[in-house]
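Peer 1: Pasting in a structure now, in structure tokens, and then I'll have a few things to ask.
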Amino acid sequence: MMRMFIPLFLIAVQFLATTPAMAAAAPAGPAARPTDYQNFAMSHAGDPDRGKALFFDESRLACSRCHTVSADDRTAKVGPGLFAIGDKFGRSELVTSVLYPSAEIAVGYSATTVRTRSGDVIQGVLKEATKAQLTLMQSDATLARIDAA
């Protein structure tokens, strides 16, 4: 596992109770607030293996649906690659980004919504705009081509 890859997983699991011992101290239930998770993540170590499992678990967090974490992964995704995220941002920013994933959208990754004349609504990240059509990458990483006419 790459050095830069580990911080992302550490942060992703710190507020999700990585071990049974930590589970007792972790915030939980409907009374838990995002600030409780943030405080917990800032004061406890994480488990990179558990974080990796959660990152790729599409039934729980679904991070990997939109993001890549490998430097050599050229797969088109809706969100930015996170390979070197631990080198770009500190612990506090990473925790905040995990708790509030849409609070700050990286340049070039904001969502565009198009309502067609027929009433269809298509949302995605704008990948290409020409006089003839718009191309949006949808959340499932499929491309939607919309004729300008």
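As shown in the structure tokens, the chain order sets the letters A, B, ...; within each chain, residues go from 1, and ligands are also counted from 1 in the order they appear.
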Would you kindly return, as an mmCIF file with N, CA and C atoms, in the first residue's frame, each protein, DNA or RNA residue with an atom no farther than 8 Å from any atom of A:Gln123, considering only C-alpha atoms and excluding same-chain residues fewer than 4 positions away?
Peer 2:
```cif
data_model
loop_
_atom_site.group_PDB
_atom_site.id
_atom_site.type_symbol
_atom_site.label_atom_id
_atom_site.label_comp_id
_atom_site.auth_asym_id
_atom_site.auth_seq_id
_atom_site.Cartn_x
_atom_site.Cartn_y
_atom_site.Cartn_z
ATOM 1 N N ALA A 111 -21.470 19.545 -10.291
ATOM 2 C CA ALA A 111 -22.549 18.889 -11.039
ATOM 3 C C ALA A 111 -23.273 19.899 -11.924
ATOM 4 N N THR A 112 -23.645 19.430 -13.086
ATOM 5 C CA THR A 112 -24.443 20.202 -14.025
ATOM 6 C C THR A 112 -25.761 19.456 -14.214
ATOM 7 N N THR A 113 -26.851 20.185 -14.167
ATOM 8 C CA THR A 113 -28.163 19.578 -14.364
ATOM 9 C C THR A 113 -28.778 20.133 -15.639
ATOM 10 N N VAL A 114 -29.247 19.241 -16.483
ATOM 11 C CA VAL A 114 -29.874 19.620 -17.748
ATOM 12 C C VAL A 114 -31.295 19.068 -17.755
ATOM 13 N N LEU A 136 -22.084 14.689 -20.349
ATOM 14 C CA LEU A 136 -22.022 14.676 -18.892
ATOM 15 C C LEU A 136 -21.645 13.282 -18.414
ATOM 16 N N GLN A 138 -22.228 10.810 -15.586
ATOM 17 C CA GLN A 138 -23.195 10.617 -14.518
ATOM 18 C C GLN A 138 -22.549 9.909 -13.323
#
```
Peer 1: Counting only C-alpha atoms, which residue out of A:Met42, A:Leu82, A:Ala149, A:Val121 sits closest to A:Leu134?
Peer 2: A:Ala149
Peer 1: Could you tell me how far atom CA of A:Arg91 sits from atom CA of A:Ala45, in Å to one decimal place?
Peer 2: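 So the answer is 11.2 Å.
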Peer 1: Tell me which protein, DNA and RNA residues are within 10 Å of A:Thr35, counting only C-alpha atoms, leaving out same-chain ones fewer than 4 positions away, and put them as a ChimeraX atom specification.
Peer 2: /A:27,39-41,96,99
Peer 1: With N, CA, C and O atoms kept, could you save the residues just selected as a CSV table (one decimal), in the first residue's frame?
Peer 2:
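Below is the file out.csv, written as the result:
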```csv
chain,number,residue,atom,x,y,z
A,27,PRO,N,-18.8,7.8,18.8
A,27,PRO,CA,-20.1,8.2,18.8
A,27,PRO,C,-21.0,7.3,18.0
A,27,PRO,O,-20.5,6.7,17.0
A,39,ASN,N,-14.5,15.1,16.2
A,39,ASN,CA,-13.7,15.1,17.4
A,39,ASN,C,-13.1,13.7,17.7
A,39,ASN,O,-11.9,13.6,18.0
A,40,PHE,N,-13.9,12.6,17.4
A,40,PHE,CA,-13.4,11.3,17.6
A,40,PHE,C,-12.2,11.0,16.6
A,40,PHE,O,-11.2,10.5,17.0
A,41,ALA,N,-12.4,11.4,15.3
A,41,ALA,CA,-11.4,11.1,14.3
A,41,ALA,C,-10.2,11.9,14.6
A,41,ALA,O,-9.1,11.4,14.3
A,96,THR,N,-13.0,16.5,7.6
A,96,THR,CA,-14.1,17.3,7.2
A,96,THR,C,-14.6,16.8,5.8
A,96,THR,O,-15.8,16.7,5.6
A,99,LEU,N,-16.7,13.6,6.3
A,99,LEU,CA,-18.0,13.9,6.9
A,99,LEU,C,-18.9,14.7,6.1
A,99,LEU,O,-20.1,14.5,6.2
```
Peer 1: Using only C-alpha atoms, which protein or nucleic acid residues come within 6 Å of stretch 57-71 of chain A? Drop anything in the same chain fewer than 5 positions from it, and give the result as a PyMOL selection string.
Peer 2: chain A and resi 77-83
Peer 1: Output the selection as a short mmCIF file (atom, residue, chain, number, x, y, z; two decimals), in the first residue's frame - N, CA, C and O atoms for each residue.
Peer 2:
```cif
data_model
loop_
_atom_site.label_atom_id
_atom_site.label_comp_id
_atom_site.auth_asym_id
_atom_site.auth_seq_id
_atom_site.Cartn_x
_atom_site.Cartn_y
_atom_site.Cartn_z
N LYS A 77 -13.80 8.59 -13.65
CA LYS A 77 -14.68 8.63 -12.49
C LYS A 77 -15.32 10.01 -12.41
O LYS A 77 -14.84 10.98 -12.98
N VAL A 78 -16.39 10.10 -11.66
CA VAL A 78 -17.10 11.35 -11.50
C VAL A 78 -16.34 12.31 -10.58
O VAL A 78 -16.30 13.51 -10.81
N GLY A 79 -15.69 11.78 -9.54
CA GLY A 79 -14.95 12.62 -8.61
C GLY A 79 -13.46 12.58 -8.89
O GLY A 79 -12.98 11.73 -9.63
N PRO A 80 -12.72 13.49 -8.26
CA PRO A 80 -11.27 13.53 -8.48
C PRO A 80 -10.56 12.33 -7.87
O PRO A 80 -11.05 11.71 -6.93
N GLY A 81 -9.40 12.01 -8.42
CA GLY A 81 -8.57 10.95 -7.86
C GLY A 81 -8.04 11.35 -6.49
O GLY A 81 -7.76 12.52 -6.25
N LEU A 82 -7.91 10.39 -5.61
CA LEU A 82 -7.50 10.67 -4.23
C LEU A 82 -6.13 10.08 -3.89
O LEU A 82 -5.77 10.00 -2.72
N PHE A 83 -5.37 9.69 -4.89
CA PHE A 83 -4.09 9.02 -4.65
C PHE A 83 -3.18 9.80 -3.71
O PHE A 83 -2.69 9.26 -2.74
#
```
